[in-house]
Every structure is written in C-alpha cells, then in structure tokens.
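The next block is query.txt, given as compact mmCIF, C-alpha atoms.
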```txt
# COMPACT_ATOMS: atom_id res chain seq x y z
CA MET A 9 0.00 0.00 0.00
CA ASN A 10 2.79 2.34 0.91
CA ILE A 11 4.67 1.37 -2.25
CA GLN A 12 1.65 2.27 -4.41
CA ARG A 13 1.25 5.57 -2.63
CA LEU A 14 4.93 6.42 -3.13
CA GLU A 15 4.70 5.58 -6.83
CA THR A 16 1.63 7.81 -7.18
CA GLU A 17 3.37 10.67 -5.42
CA GLU A 18 6.42 10.26 -7.64
CA GLN A 19 4.23 10.31 -10.74
CA GLU A 20 2.45 13.46 -9.59
CA ASP A 21 5.80 15.04 -8.75
CA ARG A 22 7.20 14.18 -12.19
CA LYS A 23 4.02 15.56 -13.76
CA PHE A 24 4.32 18.76 -11.72
CA GLN A 25 7.98 19.13 -12.67
CA LYS A 26 7.13 18.64 -16.35
CA GLN A 27 4.40 21.29 -16.13
CA LYS A 28 6.79 23.61 -14.32
CA ILE A 29 9.48 23.11 -16.96
CA SER A 30 6.90 23.56 -19.71
CA LYS A 31 5.66 26.81 -18.14
CA ILE A 32 9.22 28.09 -17.72
CA SER A 33 9.94 27.18 -21.33
CA GLN A 34 6.84 29.00 -22.49
CA ASN A 35 7.79 32.06 -20.44
CA LEU A 36 11.32 31.98 -21.83
CA LEU A 37 9.95 31.60 -25.33
CA LYS A 38 7.57 34.51 -24.77
CA ILE A 39 10.42 36.66 -23.41
CA GLU A 40 12.51 35.78 -26.45
CA GLN A 41 9.63 36.58 -28.80
CA ASN A 42 9.11 39.94 -27.07
CA ARG A 43 12.83 40.61 -27.35
CA ILE A 44 12.76 39.83 -31.07
CA GLU A 45 9.71 42.05 -31.56
CA ARG A 46 11.37 44.92 -29.66
CA ARG A 47 14.53 44.47 -31.70
CA GLU A 48 12.54 44.48 -34.95
CA LYS A 49 10.62 47.56 -33.79
CA MET A 50 13.85 49.35 -32.88
CA ASN A 51 15.38 48.43 -36.24
CA GLN A 52 12.24 49.68 -37.97
CA LEU A 53 12.42 52.96 -36.04
CA LYS A 54 16.10 53.31 -36.92
CA LEU A 55 15.36 52.71 -40.60
CA GLU A 56 12.46 55.17 -40.44
CA LYS A 57 14.71 57.71 -38.76
CA ILE A 58 17.44 57.25 -41.39
CA GLU A 59 14.84 57.60 -44.15
CA ARG A 60 13.40 60.72 -42.49
CA GLU A 61 16.88 62.19 -42.10
CA GLN A 62 17.51 61.68 -45.80
CA GLN A 63 14.14 63.15 -46.78
CA ASN A 64 14.60 66.15 -44.49
CA LYS A 65 18.12 66.70 -45.78
CA GLU A 66 16.86 66.72 -49.38
CA SER A 67 14.06 69.14 -48.39
CA ASN A 68 16.35 71.35 -46.28
CA LYS A 69 14.25 70.57 -43.20
CA ASN A 70 15.93 70.95 -39.83
CA VAL A 71 13.41 69.35 -37.50
CA ASP A 72 13.74 67.24 -34.37
CA LEU A 73 13.30 63.73 -35.79
CA ASP A 74 12.31 62.12 -32.50
CA PHE A 75 9.45 64.56 -31.97
CA GLU A 76 8.47 64.39 -35.63
CA ILE A 77 8.16 60.59 -35.50
CA LEU A 78 6.20 60.70 -32.22
CA ILE A 79 3.79 63.33 -33.58
CA ASN A 80 3.33 61.57 -36.93
CA LYS A 81 2.46 58.38 -35.07
CA GLU A 82 -0.27 60.27 -33.18
CA GLN A 83 -1.54 61.91 -36.36
CA ARG A 84 -2.00 58.55 -38.08
CA LEU A 85 -4.48 57.57 -35.36
CA CYS A 86 -6.80 60.51 -36.11
CA ASN A 87 -9.97 60.05 -38.16
CA SER A 88 -12.40 62.75 -39.24
CA LEU A 89 -16.17 62.79 -39.39
CA PRO A 90 -18.05 64.53 -42.25
CA HIS A 91 -18.57 68.27 -41.85
CA GLN A 92 -21.96 69.50 -40.68
CA TYR A 93 -23.85 72.59 -41.80
CA ILE A 94 -23.91 75.07 -38.93
CA GLN A 95 -27.01 75.04 -36.76
CA GLN A 96 -29.41 77.94 -36.29
CA THR A 97 -27.89 78.80 -32.91
CA ARG A 98 -26.64 82.21 -31.82
CA LEU A 99 -22.97 81.20 -31.87
CA SER A 100 -20.87 78.83 -33.98
CA VAL A 101 -17.12 78.27 -33.84
CA ILE A 102 -15.11 77.00 -36.80
CA VAL A 103 -11.39 76.23 -36.69
CA ARG A 104 -9.05 76.40 -39.68
CA LYS A 105 -5.50 75.06 -39.63
CA ARG A 106 -2.95 76.87 -41.77
CA PRO A 107 -0.46 74.73 -43.78
CA ILE A 108 3.11 74.61 -42.54
CA PHE A 109 5.55 76.46 -44.79
CA LEU A 110 8.89 75.10 -46.01
CA LYS A 111 10.73 78.03 -44.41
CA GLU A 112 9.22 77.05 -41.05
CA GLN A 113 10.36 73.46 -41.49
CA GLU A 114 13.84 74.67 -42.39
CA ASP A 115 13.79 76.54 -39.08
CA GLY A 116 12.93 73.35 -37.19
CA GLU A 117 9.14 73.58 -37.02
CA ILE A 118 7.07 70.36 -36.89
CA ASP A 119 3.42 70.14 -37.91
CA ALA A 120 1.91 69.48 -34.46
CA ILE A 121 -1.83 69.71 -35.17
CA SER A 122 -4.37 67.14 -36.31
CA CYS A 123 -7.81 68.06 -37.64
CA SER A 124 -10.13 65.19 -36.78
CA ASN A 125 -13.44 66.92 -37.40
CA PRO A 126 -15.11 68.08 -35.21
CA ILE A 127 -12.07 67.72 -32.94
CA ILE A 128 -8.84 69.67 -33.19
CA ARG A 129 -5.89 67.95 -31.50
CA ILE A 130 -2.69 69.71 -30.46
CA HIS A 131 0.34 67.43 -30.13
CA GLU A 132 2.53 69.36 -27.71
CA PRO A 133 6.19 68.21 -27.64
CA LYS A 134 7.50 67.83 -24.08
CA TYR A 135 10.35 66.38 -22.01
CA LYS A 136 9.93 64.20 -18.94
CA VAL A 137 11.40 65.27 -15.59
CA ASP A 138 14.74 63.65 -16.49
CA GLY A 139 15.16 66.33 -19.15
CA ILE A 140 16.04 63.71 -21.77
CA THR A 141 13.04 61.51 -22.51
CA LYS A 142 10.77 63.01 -25.15
CA PHE A 143 7.00 62.54 -25.30
CA VAL A 144 3.92 64.18 -26.80
CA GLU A 145 0.99 65.47 -24.76
CA ASN A 146 -2.31 65.62 -26.66
CA HIS A 147 -4.91 68.36 -26.12
CA ASP A 148 -8.37 67.88 -27.65
CA PHE A 149 -10.97 70.57 -28.37
CA GLN A 150 -14.35 70.04 -30.02
CA PHE A 151 -16.04 72.75 -32.10
CA ASP A 152 -18.80 72.95 -34.70
CA ASN A 153 -16.39 72.20 -37.55
CA THR A 154 -12.63 71.93 -37.97
CA PHE A 155 -10.83 72.26 -41.31
CA SER A 156 -7.36 71.01 -42.19
CA GLU A 157 -4.87 72.59 -44.59
CA GLN A 158 -6.14 70.18 -47.26
CA GLU A 159 -9.55 71.84 -47.32
CA SER A 160 -10.33 75.02 -49.22
CA THR A 161 -12.07 78.28 -48.35
CA ASP A 162 -14.89 77.03 -50.61
CA ASP A 163 -15.44 74.16 -48.16
CA ILE A 164 -15.43 76.53 -45.19
CA TYR A 165 -17.98 78.85 -46.80
CA LYS A 166 -20.22 75.91 -47.76
CA TYR A 167 -20.56 74.72 -44.15
CA SER A 168 -20.56 78.10 -42.40
CA LEU A 169 -21.86 81.29 -43.99
CA GLN A 170 -23.64 79.96 -47.07
CA PRO A 171 -26.54 78.24 -45.24
CA ILE A 172 -27.47 81.46 -43.39
CA ILE A 173 -26.59 84.25 -45.84
CA ASP A 174 -30.29 84.77 -46.61
CA SER A 175 -30.83 85.79 -42.95
CA ILE A 176 -29.67 89.32 -43.78
CA PHE A 177 -32.79 89.76 -45.93
CA LYS A 178 -34.97 88.73 -42.96
CA ASP A 179 -33.97 91.33 -40.34
CA GLY A 180 -30.97 89.25 -39.28
CA VAL A 181 -27.59 90.55 -38.13
CA VAL A 182 -24.92 88.03 -39.13
CA THR A 183 -21.45 88.76 -37.73
CA CYS A 184 -18.30 86.86 -38.64
CA PHE A 185 -15.03 87.23 -36.73
CA ALA A 186 -11.62 85.99 -37.84
CA TYR A 187 -9.54 85.41 -34.72
CA GLY A 188 -6.06 84.01 -34.15
CA GLN A 189 -2.36 84.54 -33.74
CA THR A 190 -0.47 86.89 -36.02
CA GLY A 191 0.34 85.07 -39.25
CA SER A 192 -2.28 82.34 -38.81
CA GLY A 193 -4.25 83.18 -41.97
CA LYS A 194 -7.11 85.38 -40.72
CA THR A 195 -6.96 87.96 -43.50
CA PHE A 196 -6.39 85.22 -46.10
CA THR A 197 -9.53 83.44 -44.92
CA MET A 198 -11.64 86.60 -44.87
CA LYS A 199 -10.51 87.57 -48.37
CA GLY A 200 -11.28 84.07 -49.59
CA LEU A 201 -14.84 84.27 -48.28
CA GLN A 202 -15.50 87.64 -49.95
CA GLY A 203 -16.21 86.42 -53.46
CA HIS A 204 -18.63 83.79 -52.18
CA TYR A 205 -20.85 85.94 -49.99
CA ILE A 206 -20.84 88.89 -52.42
CA PHE A 207 -22.05 86.61 -55.20
CA ASP A 208 -24.77 85.08 -53.02
CA ILE A 209 -25.96 88.47 -51.74
CA PHE A 210 -26.59 89.83 -55.22
CA ASN A 211 -27.90 86.48 -56.44
CA GLN A 212 -30.49 86.30 -53.61
CA LYS A 213 -31.24 90.01 -53.21
CA PRO A 214 -34.93 90.91 -53.63
CA LYS A 215 -35.58 93.65 -56.18
CA ASP A 216 -37.10 96.02 -53.63
CA VAL A 217 -33.98 96.38 -51.47
CA ASN A 218 -30.59 98.08 -51.91
CA VAL A 219 -27.11 97.14 -50.68
CA PHE A 220 -24.81 99.58 -48.87
CA ILE A 221 -21.27 99.20 -47.55
CA ASN A 222 -19.14 100.97 -44.98
CA TYR A 223 -15.65 99.91 -43.93
CA PHE A 224 -13.62 101.20 -41.01
CA GLU A 225 -10.87 100.12 -38.63
CA ILE A 226 -10.20 100.48 -34.92
CA TYR A 227 -6.55 101.14 -34.23
CA GLY A 228 -5.08 102.20 -30.92
CA GLY A 229 -8.54 102.88 -29.51
CA LYS A 230 -9.40 105.24 -32.40
CA CYS A 231 -11.73 104.75 -35.35
CA PHE A 232 -10.72 105.46 -38.98
CA ASP A 233 -12.74 105.38 -42.21
CA LEU A 234 -11.03 103.04 -44.70
CA LEU A 235 -13.15 104.34 -47.59
CA ASN A 236 -12.52 108.03 -46.93
CA ASP A 237 -8.75 108.61 -46.72
CA ARG A 238 -8.56 107.26 -43.16
CA ASN A 239 -10.65 110.12 -41.81
CA GLN A 240 -10.83 109.82 -38.01
CA LEU A 241 -14.34 109.09 -36.78
CA GLN A 242 -16.21 109.71 -33.56
CA ILE A 243 -18.23 106.93 -31.92
CA LEU A 244 -21.32 108.41 -30.24
CA GLU A 245 -24.42 107.15 -28.48
CA ASP A 246 -27.67 108.97 -29.28
CA LYS A 247 -30.62 109.68 -26.98
CA ASN A 248 -32.19 106.33 -27.93
CA ASN A 249 -29.02 104.51 -26.80
CA ASN A 250 -28.11 103.64 -30.40
CA ILE A 251 -24.42 103.64 -31.34
CA GLN A 252 -23.60 106.04 -34.18
CA ILE A 253 -20.28 106.45 -36.00
CA GLN A 254 -20.25 110.09 -36.98
CA ASN A 255 -19.26 110.98 -40.59
CA LEU A 256 -18.70 107.35 -41.61
CA MET A 257 -18.97 107.15 -45.41
CA GLU A 258 -21.48 104.69 -46.80
CA PHE A 259 -21.63 103.59 -50.45
CA GLN A 260 -24.45 101.98 -52.38
CA VAL A 261 -23.23 99.05 -54.47
CA ASN A 262 -25.04 97.50 -57.41
CA ASN A 263 -22.89 94.52 -58.32
CA GLN A 264 -19.90 92.41 -57.33
CA TYR A 265 -17.44 94.65 -59.14
CA ASP A 266 -18.50 97.69 -57.07
CA VAL A 267 -17.90 95.77 -53.85
CA GLU A 268 -14.50 94.45 -54.91
CA GLN A 269 -13.32 97.97 -55.75
CA LEU A 270 -14.27 99.21 -52.29
CA PHE A 271 -12.65 96.19 -50.62
CA SER A 272 -9.42 96.86 -52.48
CA GLN A 273 -9.45 100.50 -51.37
CA ALA A 274 -10.03 99.51 -47.76
CA ALA A 275 -7.23 96.93 -47.81
CA ASN A 276 -4.75 99.55 -49.04
CA ASN A 277 -5.69 101.90 -46.20
CA ARG A 278 -5.53 99.38 -43.37
CA THR A 279 -2.84 99.72 -40.68
CA THR A 280 -0.11 97.06 -40.75
CA HIS A 281 3.29 96.85 -39.05
CA SER A 282 6.14 94.40 -38.89
CA THR A 283 6.28 92.27 -35.74
CA GLU A 284 8.53 89.46 -34.55
CA ALA A 285 5.87 87.00 -35.70
CA ASN A 286 4.90 88.54 -39.05
CA SER A 287 6.58 90.98 -41.45
CA GLU A 288 3.21 92.56 -42.37
CA SER A 289 0.87 92.10 -39.46
CA SER A 290 -2.61 93.65 -39.34
CA ARG A 291 -2.50 95.83 -36.24
CA SER A 292 -6.10 96.99 -36.37
CA HIS A 293 -9.56 95.48 -36.20
CA ALA A 294 -11.10 95.93 -39.67
CA ILE A 295 -14.90 96.01 -39.75
CA CYS A 296 -16.93 95.79 -42.94
CA SER A 297 -20.69 96.25 -42.70
CA ILE A 298 -22.88 95.25 -45.65
CA GLN A 299 -26.34 96.63 -45.01
CA ILE A 300 -29.63 95.76 -46.64
CA LYS A 301 -32.16 98.63 -46.82
CA ASN A 302 -35.62 98.93 -48.32
CA GLN A 303 -36.81 101.74 -50.56
CA GLN A 304 -37.62 103.85 -47.49
CA ASN A 305 -33.99 103.50 -46.36
CA GLN A 306 -34.97 101.30 -43.42
CA MET A 307 -32.54 98.62 -42.29
CA LYS A 308 -33.68 95.08 -43.14
CA GLY A 309 -30.55 93.25 -42.06
CA LYS A 310 -26.77 93.28 -42.31
CA LEU A 311 -23.65 91.18 -42.64
CA ILE A 312 -20.68 92.31 -40.55
CA MET A 313 -17.24 90.87 -41.36
CA VAL A 314 -14.60 91.54 -38.68
CA ASP A 315 -10.94 90.79 -39.38
CA LEU A 316 -9.45 91.04 -35.90
CA ALA A 317 -5.89 92.16 -35.27
CA GLY A 318 -3.55 89.28 -34.56
CA SER A 319 -3.16 88.26 -30.94
CA GLU A 320 0.46 88.10 -29.80
CA ARG A 321 2.48 86.78 -26.89
CA ALA A 322 4.79 89.09 -25.00
CA GLN A 323 7.78 87.29 -26.53
CA ASP A 324 6.56 88.19 -30.03
CA CYS A 325 6.78 91.88 -29.10
CA GLN A 326 10.26 91.81 -27.54
CA GLY A 327 12.04 93.24 -30.56
CA ASN A 328 9.47 95.97 -31.12
CA SER A 329 9.33 99.59 -30.01
CA LYS A 330 7.42 100.84 -26.98
CA GLN A 331 4.63 101.98 -29.31
CA ARG A 332 4.30 98.50 -30.84
CA LYS A 333 4.17 96.93 -27.38
CA GLN A 334 1.43 99.35 -26.29
CA GLU A 335 -0.35 98.56 -29.53
CA GLY A 336 -0.22 94.84 -28.70
CA ALA A 337 -1.54 95.49 -25.19
CA GLU A 338 -4.47 97.50 -26.62
CA ILE A 339 -5.28 94.67 -29.05
CA ASN A 340 -5.26 92.02 -26.34
CA LYS A 341 -7.44 94.22 -24.11
CA SER A 342 -10.08 94.58 -26.83
CA LEU A 343 -9.97 90.84 -27.57
CA LEU A 344 -10.64 90.11 -23.91
CA ALA A 345 -13.61 92.51 -23.96
CA LEU A 346 -14.93 90.71 -27.05
CA LYS A 347 -14.73 87.35 -25.28
CA GLU A 348 -16.67 88.69 -22.32
CA CYS A 349 -19.44 89.95 -24.61
CA ILE A 350 -19.69 86.65 -26.51
CA ARG A 351 -19.72 84.69 -23.26
CA ALA A 352 -22.51 86.89 -21.87
CA MET A 353 -24.53 86.63 -25.07
CA ASP A 354 -24.12 82.85 -25.35
CA GLY A 355 -25.09 82.47 -21.70
CA ASN A 356 -28.23 84.59 -22.15
CA ALA A 357 -26.98 87.10 -19.58
CA THR A 358 -29.26 90.05 -18.85
CA HIS A 359 -26.34 92.45 -19.43
CA VAL A 360 -23.71 92.31 -22.20
CA PRO A 361 -20.63 94.45 -21.31
CA PHE A 362 -20.26 95.96 -24.80
CA ARG A 363 -18.81 99.20 -23.39
CA GLY A 364 -15.62 97.33 -22.46
CA SER A 365 -13.85 98.49 -25.64
CA LYS A 366 -14.43 100.51 -28.82
CA LEU A 367 -14.57 97.24 -30.76
CA THR A 368 -17.45 95.80 -28.75
CA LEU A 369 -19.19 99.18 -28.56
CA VAL A 370 -19.53 99.51 -32.36
CA LEU A 371 -20.69 95.87 -32.55
CA ARG A 372 -23.48 96.30 -30.03
CA ASP A 373 -26.14 95.19 -32.54
CA SER A 374 -24.30 91.90 -33.03
CA PHE A 375 -24.67 91.03 -29.35
CA GLN A 376 -28.10 92.47 -28.65
CA SER A 377 -30.09 91.81 -31.82
CA LYS A 378 -33.54 90.44 -30.98
CA SER A 379 -34.01 88.79 -34.38
CA GLN A 380 -34.05 85.00 -34.39
CA ASN A 381 -32.14 85.23 -37.70
CA SER A 382 -29.12 86.85 -36.05
CA LYS A 383 -25.95 84.85 -35.59
CA ILE A 384 -22.24 85.09 -34.74
CA ILE A 385 -19.63 82.89 -36.40
CA MET A 386 -16.10 82.76 -35.01
CA PHE A 387 -13.44 81.62 -37.47
CA ALA A 388 -10.39 80.56 -35.46
CA CYS A 389 -7.22 80.43 -37.54
CA ILE A 390 -4.31 78.51 -36.04
CA LEU A 391 -0.65 77.96 -36.83
CA PRO A 392 0.56 74.36 -37.29
CA GLY A 393 4.08 74.74 -35.86
CA SER A 394 5.16 72.99 -32.67
CA SER A 395 6.80 76.15 -31.29
CA SER A 396 3.39 77.87 -31.40
CA ALA A 397 1.60 75.09 -29.51
CA ASP A 398 1.17 77.20 -26.37
CA HIS A 399 -0.31 80.12 -28.32
CA THR A 400 -2.54 77.79 -30.34
CA LEU A 401 -3.82 76.34 -27.07
CA ASN A 402 -4.60 79.89 -25.87
CA THR A 403 -6.48 80.59 -29.12
CA LEU A 404 -8.63 77.48 -28.74
CA ARG A 405 -9.24 78.08 -25.03
CA TYR A 406 -10.35 81.63 -25.89
CA LEU A 407 -13.07 80.17 -28.12
CA TYR A 408 -13.99 77.27 -25.86
CA ILE A 409 -16.92 79.21 -24.44
```
Show this structure as structure tokens.
Amino acid sequence: MNIQRLETEEQEDRKFQKQKISKISQNLLKIEQNRIERREKMNQLKLEKIEREQQNKESNKNVDLDFEILINKEQRLCNSLPHQYIQQTRLSVIVRKRPIFLKEQEDGEIDAISCSNPIIRIHEPKYKVDGITKFVENHDFQFDNTFSEQESTDDIYKYSLQPIIDSIFKDGVVTCFAYGQTGSGKTFTMKGLQGHYIFDIFNQKPKDVNVFINYFEIYGGKCFDLLNDRNQLQILEDKNNNIQIQNLMEFQVNNQYDVEQLFSQAANNRTTHSTEANSESSRSHAICSIQIKNQQNQMKGKLIMVDLAGSERAQDCQGNSKQRKQEGAEINKSLLALKECIRAMDGNATHVPFRGSKLTLVLRDSFQSKSQNSKIIMFACILPGSSSADHTLNTLRYLYI
C-alpha cells in the first residue's frame, strides 16, 4: 500500500515538474519573442529615422526627428467625421488650420496639429522630468467644424456662412469674426470668403432692397474710415441709446465689381506693421458692414465681417518699439472685452458688457439683436508649428466658451 502511494506521489511530482518546466519554457519563449519584436521595432524605427533624415536633408528641413516621428504616429491615429452645416444657434465656432511652410520646417518647425473633425488635436512636444526623454501630450478641443490645410475656403464657406446668408434679408444681423495669432491666416480666410458671400448676396437680393457698404478700422482705440482717406471718426451714443459712428462714409453698391473695388481700397488703407511673428501684421480690427435697406432707407438686415488684429504673446513683441508693445496690449485688451461679450450673449446674460472696448461698442447690434435670424460665427485660424503650440492652445481656449 505504501509502495503504491509512493509511486503515485512520484508520478504526480514528475508531472508537476514537467508542467513547471513547460511553463518556464513558455515564459522563456515569450520573453525571447518579445525581445525579437522589440529588436525588430527598434530596427524599424532606426530605418524610419534614417529615411526621415535623408528626406529632411533633401528638403532642407531641420526638424527634431524624434518629436516628428512621435507626432506623426499620433496623427495617423486621427480620423475625421463629415462636416456639418452650422445650426441655427446664436454662436458657432469654426477652426481652420494653416499649412506649414517650407521656411518654417527649415527653421525646425514640426506640424503638431491634427484636424479630426469636429475635434482639433494639439500634439505638444515635451520632455519628462529627467530632461532627456521626449514625449507628446495631446490636447483635444471640439467645435462645430474643424478644417485642415487640405480643405479650401470654398469648403469653409459651404458649411458656415452659405446656409445662413439669406438671414440678412430677414432682419438678421450676421457677424463673422476671424480670430487668431499673427500670421495664422485670418486675412487670407476673410478675403477668400468675400467672393462667395458677395455673389450670393446679389444672387439672392430681392428687387425692392438696396445694398450699402461701410468699412472702417479700430486702431489704438481710435476709429478710422477706410473708404474716406482714413478720416478719423467719432463713436457716439444717441438719446435712444443707439451707437452712431459720426461721418462714416457709406456707399451703395449694385454689383460684385462695385464691392470688390471698395474692398481693395479699404485693404490699401488698413494699418499694418512688422512684428517678430509677421513681417506685415494687421495691427487693427477691420470692420466691414454690408447693409440691406428697403426703398424707405430702413434697415432690413446686415452682414458684418470683422478681421481682428492678430493676438500676440509678449515674446513676439520683444524686438518691437514701446509703441508697438502698447499697440499689442491694446489689441489684447479689446480681444478680452470681445470674449466677455460673446460669453454673456451665449449664456443669455441680462447684461452684455459691450462698453468694455471701442470694438465691442460699435458691434453692439451683433450682441443684442432680438431677431431669431441673427448669428455670430467665429473663425479661429491657427498655426501648425510645434513652437506655437502654447499660443494655439490659448487661441482654442479663448473660443472654448
């Protein structure tokens, strides 16, 4: 009996030892397989890095390859949804990414933004606490629509202004702002939209109404007429609490050619200066008002296009004169006032602080229009470069109302 029991125990022990050896073998095999996979992955990364180095050398790019590979890996994971026509809400926000330029890549810039409509993702290059290990931190923001550098101004117009352009014939006040860092493509975007909305206005205009245009800028807290030799204007409030811009020239236009001539004149008169961020930066807020009036000269609606001055960081103003720095401070102050007004309007606040700046004062109708056909569209233009990631984040946070 004891002999049988001993034999059974020995058999179980041998079985256990075999299982143990088998498990160890499997673990060793798995470790070896993982080691081979890691080695293959490292070799693949090395080959990719060598290939990238060669490509960048041929293209005169001087970028950080480690960050470029990390960011490209993140970008490949992004997928976009189809664009949606903007809803009939009081406020819509649309983001447009500017393409990265070769000169920027030569200076070491990496495209650090992914447009995964309706999400915009910022891939911010960072170092861990050891100061050596590189990684990418992702920041996601969701808006009504986001457009990549592959998409045209035609696409942007189709999903933003086009569906509501007829509102200006129905007592609506439609206001479009172009906001973003200096050099991000605000003026380019606004100019690209011009031909589209001008065509649609005259194509949809009823025969019993007329179209009028005025165009002015706010620079350094002062108002200037861009269609009348930069004549300085006074902003007044009448006894009915209506905002009036005294002596502002207004022109009746009958076709697209008339409008384009006035736009060209206004562009030539607008204030621009060189900054650290842009050799020809728009330093004023340019405001174009296209008004629809009936035969009795009564307002039936209007489209207001606002090309805001570029926002700048303090470091972008370091090489500029005291006047340029004060100019930048004035711009940022007015942009903050604008945000407060939009936030109050979107939150249905009983009071909109439009007296916070000259910019918001002249746009009072945009914030306080009672018409259900009134709307504000914010076009946020952003730079793609990794060195601008912090400013791009500020731009998107500004609009994340």
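Shortest atom-to-atom contact with A:Asn302 among A:Val219, A:Phe149, A:Leu169, A:Gln158: A:Val219, counting all atoms listed in the file.
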Excluding A:Glu112 and residues on its chain fewer than 4 positions from it, collect all residues at most 9 Å away from it, counting all atoms listed in the file, and give them as number ranges by chain.
A: 69, 108, 116-118, 393
Using all atoms listed in the file, the residue out of A:Ile300, A:Val71, A:Leu235, A:Ala345 with shortest distance to A:Asp216 is A:Ile300
Dig up all the protein and nucleic acid residues within 8 Å of (-3.0, 89.3, -32.4) in the file frame, using only C-alpha atoms, and format them as a PyMOL selection string.
chain A and resi 187-190+291+316-320+336+339-340
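Near A:Asp315, within a cut-off of 8 Å and counting all atoms listed in the file, sit the residues A:Phe185, A:Ala186, A:Tyr187, A:Lys194, A:Thr195, A:Met198, A:His293, A:Ala294, A:Ile295, with same-chain residues fewer than 6 positions away left out.
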Would you write out those residues with C-alpha atoms, as a tab-separated table (two decimals), keeping the file's coordinate frame?
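Final file, selection-v3.tsv:
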```
chain	number	residue	atom	x	y	z
A	185	PHE	CA	-15.03	87.23	-36.73
A	186	ALA	CA	-11.62	85.99	-37.84
A	187	TYR	CA	-9.54	85.41	-34.72
A	194	LYS	CA	-7.11	85.38	-40.72
A	195	THR	CA	-6.96	87.96	-43.50
A	198	MET	CA	-11.64	86.60	-44.87
A	293	HIS	CA	-9.56	95.48	-36.20
A	294	ALA	CA	-11.10	95.93	-39.67
A	295	ILE	CA	-14.90	96.01	-39.75
```
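With all atoms listed in the file as the atoms that count, the residue of A:Phe177, A:Phe259, A:Tyr135, A:Tyr265 with the shortest distance to A:Gln212 is A:Phe177.
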Atom CA of A:Leu89 and atom CA of A:Ser396, how far apart in Å?
26.0 Å
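With all atoms listed in the file as the atoms that count, the minimum distance from A:Pro392 to the choices A:Asp138, A:Glu157, A:Asp74, A:Glu335 is reached by A:Glu157.
Across A:Arg278, A:Lys213, A:Gln260, A:Ser342, the tightest approach to A:Asp233 is made by A:Arg278 when counting all atoms listed in the file.
Rounded to one decimal, atom CA of A:Gln299 and atom CA of A:Lys166 lie 21.8 Å from each other.
Going from atom CA of A:Pro90 to atom CA of A:Met353 covers 28.7 Å.
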Determine, using only C-alpha atoms, which residues of stretch 58-127 of chain A have any atom at most 10 Å from an atom of stretch 30-53 of chain A, and tabulate each with its shortest atom pair and distance in Å to one decimal place, rows ordered by chain and then rising number, as a Markdown table.
```
| residue | atom | partner | partner_atom | distance |
| --- | --- | --- | --- | --- |
| A:Ile58 | CA | A:Leu53 | CA | 8.5 |
| A:Glu59 | CA | A:Leu53 | CA | 9.7 |
| A:Asp74 | CA | A:Leu53 | CA | 9.8 |
| A:Ile77 | CA | A:Leu53 | CA | 8.8 |
```
Stretch 140-143 of chain A surroundings by all atoms listed in the file, 12 Å radius, close-in-sequence under 2 positions cut, as a CSV table (one decimal) with C-alpha atoms, in the coordinates of the input:
```csv
chain,number,residue,atom,x,y,z
A,72,ASP,CA,13.7,67.2,-34.4
A,73,LEU,CA,13.3,63.7,-35.8
A,74,ASP,CA,12.3,62.1,-32.5
A,75,PHE,CA,9.4,64.6,-32.0
A,76,GLU,CA,8.5,64.4,-35.6
A,77,ILE,CA,8.2,60.6,-35.5
A,78,LEU,CA,6.2,60.7,-32.2
A,79,ILE,CA,3.8,63.3,-33.6
A,81,LYS,CA,2.5,58.4,-35.1
A,82,GLU,CA,-0.3,60.3,-33.2
A,131,HIS,CA,0.3,67.4,-30.1
A,132,GLU,CA,2.5,69.4,-27.7
A,133,PRO,CA,6.2,68.2,-27.6
A,134,LYS,CA,7.5,67.8,-24.1
A,135,TYR,CA,10.4,66.4,-22.0
A,136,LYS,CA,9.9,64.2,-18.9
A,137,VAL,CA,11.4,65.3,-15.6
A,138,ASP,CA,14.7,63.6,-16.5
A,145,GLU,CA,1.0,65.5,-24.8
A,146,ASN,CA,-2.3,65.6,-26.7
```
Enclose stretch 172-178 of chain A, meaning all of its atoms listed in the file, in a box aligned along x, y and z, pad it by 5 Å on each side, and list the centre and edge lengths in Å to one decimal, as lines of an AutoDock Vina configuration file.
```
center_x = -30.8
center_y = 85.6
center_z = -44.8
size_x = 18.4
size_y = 18.3
size_z = 13.7
```
Shell of 7 Å around A:Ser379, all atoms listed in the file, local chain residues under 3 positions omitted, as an NGL selection string
:A and (179-180 or 382)
Sel. within 12 Å of pt (-3.6, 61.0, -38.6), counting all atoms listed in the file, output as number ranges by chain:
A: 78-88, 119-125, 128-131, 156
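Those residues that approach A:Val103 to within 9 Å, counting all atoms listed in the file, are Cys123, Ile128, Phe151, Asp152, Asn153, Thr154, Phe155, Ser156, Met386, Phe387, Ala388, Cys389, Ile390 and Leu404 of chain A; same-chain residues fewer than 5 positions away are not listed.
With all atoms listed in the file as the basis for measurement, A:Thr183 is the residue among A:Ser168, A:Thr183, A:Thr400, A:Gln334 that approaches A:Ile350 most closely.
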